[in-house]
Amino acid sequence: MSSGDVLRSGSDGPAEDAAATVLLVEDDDGDALLVTELLEDAEVTVVLRRARSVAEAVDALSRPGGAPGVDCVLLDLGLPDAVGLTAVSRLREVAERVHDVPALVVLTGLTGGDQGLQAVAAGADDYLVKGETDSGLLGRSLRYALQRRRSAAQQRALYRSAVRAEETARLERALLPKPLVGDERVSVMVGYLPGGGGLLGGDFFDTVERPDGSVLSVVGDVAGHGPDEAALGATLRTAWRTLVLTGTPPERILEHLERVLLTERARPEVFVTLCQVVVAPDRSGIDLYLAGHLPPLLITGPVGDLRCELLPPTGRGRALGVPVDGGWEPRRIALDGPFALMLYTDGLVEAEVRHGGVPDAAAEPVLDGLGKDALGLVALHGERPTRVGPLRRRVPRLGQSGLHELVRDDLERQGIVGVVERVLRRVRALHGGPLTDDAALLVVGWTGHDTPYLGERSSTLADSAEWARP
């Protein structure tokens with residue numbers, strides 16, 4: 001019998017046996033032929049492979065692609081290179097090194113009930129005596145062992161899935177830290193919307209109030225998407241909080257954070273864009289630091305008369321980790337009265353507008369940012385623009401101006417309380433489902449000196465189960 005004989009009993013055999021591969025470990029050719037005939041009589045469809053010793057069986061299970069293809073081992077204990085139950089222990093040890101451990105049925109000429117109990121205790125699924133086994137008994141034993149193997153494999157898969165889900169949740173919690181703010185008139189609203197079918201990315205954010213009353217906030221975005229980027233984002237957020245809590249001057253934080261990035265990143269091409277805001281202790285203004293990042297939206301005015309302004313990227317420095325000259329200088333913005341700043345990552349502005357539009361958006365032509373820049377350059381040279389080419393007339397993206405209009409419309413309709421969750425939901429709806437990239441949103445603000453309103457605190461993690469509902 002060859003090592004790849006296929007036993008087929010017809011189309012009326014059990015469907016679950018169709019893909020079963022059985023490794024018969026038997027040194028006697030006559031007994032091997034007997035097992036073949038019993039399997040045929042039992043109408044069990046299997047691919048039967050043969051090993052003549054424990055060493056051959058170990059080699060078949062341990063070679064690349066070997067064990068994952070074996071569903072069950074039929075093992076004789078009377079082998080030339082094994083004594084007693086050592087064969088069971090050796091094969092079980094080898095099989096457990098792979099993800100899907102094959103079933104193991106002992107089929108031997110040795111009799112004795114104690115021997116069978118010891119075999120099962122050593123890891124066998126069943127113990128059959130050759131002289132007492134007919135086709136029906138062998139078929140049932142094989143089917144039961146295979147079903148137990150499938151059930152065990154399913155349980156292991158569920159366990160691995162649960163472990164991965166827990167690890168993902170732990171990373172997500174690291175990306176949604178609790179803000180350390182004591183001033184009750186300071187608002188901190190955060191939200192995180194995983195993209196890429198629920199896979200994590202490297203967006204991170206945090207807010208900390210210092211003993212002098214200044215409030216520091218950050219939003220960052222690690223280039224790339226996946227567990228490595230998410231872990232790096234969590235590391236950088238922790239490093240940023242540490243720098244703030246240890247009293248590092250705001251103008252020195254980014255350079256120290258870049259040193260952490262250069263040490264912890266997995267590849268030299270990984271970079272980080274970042275927006276840092278420092279609110280003055282007397283709330284009279286803010287210092288804005290931009291490291292290759294999009295500028296925030298500035299929301300001012302009392303409740304019921306909110307105004308939303310898109311800040312220009314004045315003074316934007318290089319991204320962290322990019323090997324070019326240049327540092328980061330703060331831009332001072334004076335403020336008078338209540339205010340809020342909306343910091344965000346590019347996952348929001350890169351959302352494609354597939355369902356509906358945004359308020360005041362131009363209907364024709366539908367251009368992305370590059371298309372608008374191209375037409376602007378043509379107009380600057382006094383030329384008349386021709387029709388928009390196919391690369392410029394693609395599915396439109398929300399863009400900074402679109403996000404600005406969306407937020408302004410939402411504030412006019414419903415005010416600032418709950419704005420983070422509403423904006424995330426609306427962008428997701430415009431995109432037509434989960435975003436391609438992660439989206440992080442942080443609103444930090446102040447309600448004013450002479451006002452009865454306290455600051456709003458909220459945290460939104462848009463997990464796939466919750467946000468699948470309309």
# chains A, B, ... in the order shown; residues from 1 in each chain; ligands from 1
>>> residues_around(residues="A:Arg252", least_positions_apart="4", cutoff="12 Å", atoms="only C-alpha atoms", output="MDAnalysis selection string")
chainID A and resid 240 243:244 247:248 256:259 276 289 327:330
>>> closest_atom_pairs(of="stretch 186-245 of chain A", to="stretch 340-353 of chain A", cutoff="12 Å", atoms="only C-alpha atoms", output="JSON lines")
{"residue": "A:Val186", "atom": "CA", "partner": "A:Ala340", "partner_atom": "CA", "distance": 9.1}
{"residue": "A:Ser187", "atom": "CA", "partner": "A:Ala340", "partner_atom": "CA", "distance": 7.9}
{"residue": "A:Val188", "atom": "CA", "partner": "A:Ala340", "partner_atom": "CA", "distance": 9.2}
{"residue": "A:Met189", "atom": "CA", "partner": "A:Met342", "partner_atom": "CA", "distance": 9.2}
{"residue": "A:Val190", "atom": "CA", "partner": "A:Leu343", "partner_atom": "CA", "distance": 9.5}
{"residue": "A:Gly191", "atom": "CA", "partner": "A:Tyr344", "partner_atom": "CA", "distance": 9.5}
{"residue": "A:Tyr192", "atom": "CA", "partner": "A:Tyr344", "partner_atom": "CA", "distance": 9.8}
{"residue": "A:Leu193", "atom": "CA", "partner": "A:Gly347", "partner_atom": "CA", "distance": 8.9}
{"residue": "A:Pro194", "atom": "CA", "partner": "A:Gly347", "partner_atom": "CA", "distance": 9.3}
{"residue": "A:Gly195", "atom": "CA", "partner": "A:Gly347", "partner_atom": "CA", "distance": 8.1}
{"residue": "A:Gly196", "atom": "CA", "partner": "A:Gly347", "partner_atom": "CA", "distance": 10.6}
{"residue": "A:Gly201", "atom": "CA", "partner": "A:Gly347", "partner_atom": "CA", "distance": 10.1}
{"residue": "A:Gly202", "atom": "CA", "partner": "A:Thr345", "partner_atom": "CA", "distance": 10.2}
{"residue": "A:Asp203", "atom": "CA", "partner": "A:Thr345", "partner_atom": "CA", "distance": 7.2}
{"residue": "A:Phe204", "atom": "CA", "partner": "A:Thr345", "partner_atom": "CA", "distance": 9.0}
{"residue": "A:Phe205", "atom": "CA", "partner": "A:Leu343", "partner_atom": "CA", "distance": 9.1}
{"residue": "A:Asp206", "atom": "CA", "partner": "A:Leu343", "partner_atom": "CA", "distance": 10.8}
{"residue": "A:Thr207", "atom": "CA", "partner": "A:Leu343", "partner_atom": "CA", "distance": 11.4}
{"residue": "A:Leu216", "atom": "CA", "partner": "A:Leu341", "partner_atom": "CA", "distance": 11.7}
{"residue": "A:Ser217", "atom": "CA", "partner": "A:Leu343", "partner_atom": "CA", "distance": 8.9}
{"residue": "A:Val218", "atom": "CA", "partner": "A:Leu343", "partner_atom": "CA", "distance": 8.0}
{"residue": "A:Val219", "atom": "CA", "partner": "A:Leu343", "partner_atom": "CA", "distance": 6.4}
{"residue": "A:Gly220", "atom": "CA", "partner": "A:Thr345", "partner_atom": "CA", "distance": 7.1}
{"residue": "A:Asp221", "atom": "CA", "partner": "A:Thr345", "partner_atom": "CA", "distance": 6.4}
{"residue": "A:Val222", "atom": "CA", "partner": "A:Thr345", "partner_atom": "CA", "distance": 10.0}
{"residue": "A:Ala223", "atom": "CA", "partner": "A:Asp346", "partner_atom": "CA", "distance": 10.7}
{"residue": "A:Gly224", "atom": "CA", "partner": "A:Gly347", "partner_atom": "CA", "distance": 11.6}
{"residue": "A:His225", "atom": "CA", "partner": "A:Gly347", "partner_atom": "CA", "distance": 11.2}
>>> write_last_selection(atoms="C-alpha atoms", output="PDB file, in the first residue's frame")
ATOM      1  CA  VAL A 186     -12.557  72.758  30.597  1.00  0.00           C
ATOM      2  CA  SER A 187     -14.275  70.497  28.078  1.00  0.00           C
ATOM      3  CA  VAL A 188     -12.575  67.350  26.795  1.00  0.00           C
ATOM      4  CA  MET A 189     -14.473  65.259  24.246  1.00  0.00           C
ATOM      5  CA  VAL A 190     -12.680  62.467  22.429  1.00  0.00           C
ATOM      6  CA  GLY A 191     -13.632  59.882  19.825  1.00  0.00           C
ATOM      7  CA  TYR A 192     -11.878  57.119  17.922  1.00  0.00           C
ATOM      8  CA  LEU A 193     -13.237  55.387  14.842  1.00  0.00           C
ATOM      9  CA  PRO A 194     -11.134  52.378  13.712  1.00  0.00           C
ATOM     10  CA  GLY A 195     -10.871  52.023   9.947  1.00  0.00           C
ATOM     11  CA  GLY A 196      -9.876  49.206   7.622  1.00  0.00           C
ATOM     12  CA  GLY A 201      -4.126  52.175  13.276  1.00  0.00           C
ATOM     13  CA  GLY A 202      -1.671  54.539  14.851  1.00  0.00           C
ATOM     14  CA  ASP A 203      -3.893  57.491  15.790  1.00  0.00           C
ATOM     15  CA  PHE A 204      -3.460  58.695  19.375  1.00  0.00           C
ATOM     16  CA  PHE A 205      -4.503  61.624  21.544  1.00  0.00           C
ATOM     17  CA  ASP A 206      -4.401  62.859  25.137  1.00  0.00           C
ATOM     18  CA  THR A 207      -5.094  65.877  27.359  1.00  0.00           C
ATOM     19  CA  LEU A 216      -1.926  70.531  26.947  1.00  0.00           C
ATOM     20  CA  SER A 217      -3.630  68.430  24.272  1.00  0.00           C
ATOM     21  CA  VAL A 218      -2.202  66.330  21.470  1.00  0.00           C
ATOM     22  CA  VAL A 219      -3.456  64.428  18.443  1.00  0.00           C
ATOM     23  CA  GLY A 220      -1.005  62.294  16.473  1.00  0.00           C
ATOM     24  CA  ASP A 221      -1.068  59.910  13.532  1.00  0.00           C
ATOM     25  CA  VAL A 222       1.505  57.184  12.923  1.00  0.00           C
ATOM     26  CA  ALA A 223       2.005  56.489   9.213  1.00  0.00           C
ATOM     27  CA  GLY A 224       0.602  53.073   8.356  1.00  0.00           C
ATOM     28  CA  HIS A 225      -2.155  50.841   9.660  1.00  0.00           C
TER      29      HIS A 225
END
>>> closest_atom_pairs(of="stretch 134-185 of chain A", to="stretch 37-45 of chain A", cutoff="9 Å", atoms="only C-alpha atoms", output="CSV")
residue,atom,partner,partner_atom,distance
A:Asp134,CA,A:Leu38,CA,6.8
A:Ser135,CA,A:Leu38,CA,4.5
A:Gly136,CA,A:Ala42,CA,5.6
A:Leu137,CA,A:Ala42,CA,8.5
A:Leu138,CA,A:Leu38,CA,7.3
A:Gly139,CA,A:Ala42,CA,5.3
A:Arg140,CA,A:Ala42,CA,8.5
A:Leu142,CA,A:Val44,CA,8.6
A:Arg143,CA,A:Val44,CA,8.3
>>> residues_around(residues="A:Gly304", least_positions_apart="5", cutoff="9 Å", atoms="only C-alpha atoms", output="list in words")
Leu411, Glu412 and Gly415 of chain A
>>> residues_around(residues="A:Thr263", least_positions_apart="5", cutoff="12 Å", atoms="only C-alpha atoms", output="PyMOL selection string")
chain A and resi 232+235-236+256-258+268+270-271+321
>>> write_last_selection(atoms="N, CA and C atoms", output="PDB file, in the first residue's frame")
ATOM      1  N   LEU A 232       2.806  51.435  18.434  1.00  0.00           N
ATOM      2  CA  LEU A 232       3.680  52.600  18.434  1.00  0.00           C
ATOM      3  C   LEU A 232       2.904  53.850  18.851  1.00  0.00           C
ATOM      4  N   THR A 235       2.551  53.805  22.527  1.00  0.00           N
ATOM      5  CA  THR A 235       3.843  54.132  23.144  1.00  0.00           C
ATOM      6  C   THR A 235       4.101  55.634  23.119  1.00  0.00           C
ATOM      7  N   LEU A 236       3.833  56.262  21.970  1.00  0.00           N
ATOM      8  CA  LEU A 236       4.069  57.699  21.861  1.00  0.00           C
ATOM      9  C   LEU A 236       3.117  58.498  22.740  1.00  0.00           C
ATOM     10  N   HIS A 256      11.777  65.657  22.100  1.00  0.00           N
ATOM     11  CA  HIS A 256      11.944  64.451  22.915  1.00  0.00           C
ATOM     12  C   HIS A 256      11.057  63.316  22.403  1.00  0.00           C
ATOM     13  N   LEU A 257       9.853  63.653  21.970  1.00  0.00           N
ATOM     14  CA  LEU A 257       8.962  62.623  21.442  1.00  0.00           C
ATOM     15  C   LEU A 257       9.534  62.020  20.164  1.00  0.00           C
ATOM     16  N   GLU A 258      10.213  62.816  19.373  1.00  0.00           N
ATOM     17  CA  GLU A 258      10.836  62.287  18.150  1.00  0.00           C
ATOM     18  C   GLU A 258      11.937  61.297  18.491  1.00  0.00           C
ATOM     19  N   PRO A 268      12.592  52.479   9.251  1.00  0.00           N
ATOM     20  CA  PRO A 268      13.072  53.870   9.196  1.00  0.00           C
ATOM     21  C   PRO A 268      12.136  54.803   8.438  1.00  0.00           C
ATOM     22  N   VAL A 270       8.908  55.023   8.840  1.00  0.00           N
ATOM     23  CA  VAL A 270       7.731  55.364   9.631  1.00  0.00           C
ATOM     24  C   VAL A 270       7.891  56.777  10.192  1.00  0.00           C
ATOM     25  N   PHE A 271       6.891  57.604   9.991  1.00  0.00           N
ATOM     26  CA  PHE A 271       6.907  58.957  10.536  1.00  0.00           C
ATOM     27  C   PHE A 271       5.580  59.228  11.239  1.00  0.00           C
ATOM     28  N   GLY A 321      10.231  62.299  12.686  1.00  0.00           N
ATOM     29  CA  GLY A 321      10.864  61.151  12.051  1.00  0.00           C
ATOM     30  C   GLY A 321      11.279  61.367  10.624  1.00  0.00           C
TER      31      GLY A 321
END
>>> residues_around(residues="A:Val419", least_positions_apart="3", cutoff="9 Å", atoms="only C-alpha atoms", output="ChimeraX atom specification")
/A:189,407,410-411,414-416,422-424,443
>>> write_last_selection(atoms="all heavy atoms", output="CSV table (one decimal), in the first residue's frame")
chain,number,residue,atom,x,y,z
A,189,MET,N,-13.6,66.3,24.9
A,189,MET,CA,-14.5,65.3,24.2
A,189,MET,C,-13.6,64.6,23.2
A,189,MET,O,-13.0,65.2,22.4
A,189,MET,CB,-15.7,65.9,23.6
A,189,MET,CG,-16.7,66.6,24.5
A,189,MET,SD,-18.0,67.5,23.7
A,189,MET,CE,-17.1,69.0,23.3
A,407,VAL,N,-19.0,70.4,10.4
A,407,VAL,CA,-19.0,70.7,11.9
A,407,VAL,C,-19.8,72.0,12.1
A,407,VAL,O,-20.6,72.1,13.1
A,407,VAL,CB,-17.6,70.9,12.3
A,407,VAL,CG1,-17.5,71.4,13.8
A,407,VAL,CG2,-16.8,69.6,12.3
A,410,ASP,N,-23.4,71.2,12.0
A,410,ASP,CA,-23.8,70.5,13.2
A,410,ASP,C,-23.9,71.4,14.5
A,410,ASP,O,-24.9,71.2,15.3
A,410,ASP,CB,-22.9,69.3,13.5
A,410,ASP,CG,-23.3,68.4,14.6
A,410,ASP,OD1,-24.1,67.5,14.4
A,410,ASP,OD2,-22.9,68.7,15.8
A,411,LEU,N,-23.0,72.3,14.6
A,411,LEU,CA,-23.0,73.2,15.8
A,411,LEU,C,-24.2,74.1,15.7
A,411,LEU,O,-24.8,74.4,16.7
A,411,LEU,CB,-21.7,74.0,15.8
A,411,LEU,CG,-20.4,73.2,16.1
A,411,LEU,CD1,-19.2,74.2,15.9
A,411,LEU,CD2,-20.5,72.7,17.5
A,414,GLN,N,-27.3,71.6,16.7
A,414,GLN,CA,-27.4,70.9,17.9
A,414,GLN,C,-26.4,71.4,19.0
A,414,GLN,O,-26.5,70.8,20.1
A,414,GLN,CB,-27.2,69.4,17.7
A,414,GLN,CG,-28.2,68.8,16.7
A,414,GLN,CD,-28.1,67.4,16.5
A,414,GLN,OE1,-28.4,66.6,17.5
A,414,GLN,NE2,-27.7,66.9,15.4
A,415,GLY,N,-25.6,72.4,18.7
A,415,GLY,CA,-24.7,72.8,19.8
A,415,GLY,C,-23.5,71.9,19.9
A,415,GLY,O,-23.3,71.0,19.2
A,416,ILE,N,-22.7,72.2,20.9
A,416,ILE,CA,-21.4,71.5,21.1
A,416,ILE,C,-21.5,70.2,21.9
A,416,ILE,O,-20.6,69.4,21.7
A,416,ILE,CB,-20.3,72.5,21.7
A,416,ILE,CG1,-18.9,71.9,21.4
A,416,ILE,CG2,-20.6,72.7,23.2
A,416,ILE,CD1,-17.8,72.9,21.7
A,422,ARG,N,-21.5,62.8,17.0
A,422,ARG,CA,-22.3,63.1,15.8
A,422,ARG,C,-21.5,63.3,14.6
A,422,ARG,O,-21.9,62.9,13.5
A,422,ARG,CB,-23.1,64.4,16.1
A,422,ARG,CG,-24.2,64.2,17.2
A,422,ARG,CD,-25.2,65.4,17.1
A,422,ARG,NE,-24.6,66.7,17.3
A,422,ARG,CZ,-24.3,67.3,18.4
A,422,ARG,NH1,-24.7,66.7,19.5
A,422,ARG,NH2,-23.8,68.5,18.4
A,423,VAL,N,-20.3,64.0,14.7
A,423,VAL,CA,-19.5,64.2,13.6
A,423,VAL,C,-18.9,62.8,13.1
A,423,VAL,O,-18.9,62.6,11.8
A,423,VAL,CB,-18.3,65.1,13.9
A,423,VAL,CG1,-17.3,65.1,12.8
A,423,VAL,CG2,-18.9,66.6,14.1
A,424,LEU,N,-18.5,62.0,14.0
A,424,LEU,CA,-18.0,60.7,13.6
A,424,LEU,C,-19.1,59.9,12.8
A,424,LEU,O,-18.8,59.2,11.8
A,424,LEU,CB,-17.5,59.9,14.8
A,424,LEU,CG,-16.2,60.4,15.4
A,424,LEU,CD1,-15.8,59.6,16.6
A,424,LEU,CD2,-15.0,60.4,14.4
A,443,VAL,N,-11.9,67.3,21.1
A,443,VAL,CA,-12.3,68.7,21.3
A,443,VAL,C,-11.9,69.1,22.7
A,443,VAL,O,-12.3,68.5,23.7
A,443,VAL,CB,-13.8,68.8,21.1
A,443,VAL,CG1,-14.3,70.2,21.5
A,443,VAL,CG2,-14.2,68.5,19.6
>>> select_by_dssp(residues="stretch 151-269 of chain A", states="helix (DSSP H, G or I)", output="ChimeraX atom specification")
/A:151-175,227-245,250-264
>>> closest_residue(among="A:Arg160, A:Gly455, A:Thr246, A:Thr460", to="A:Arg425", atoms="only C-alpha atoms")
A:Thr460
>>> closest_residue(among="A:Pro396, A:Pro250, A:Gly317, A:Pro102", to="A:Leu74", atoms="only C-alpha atoms")
A:Pro102
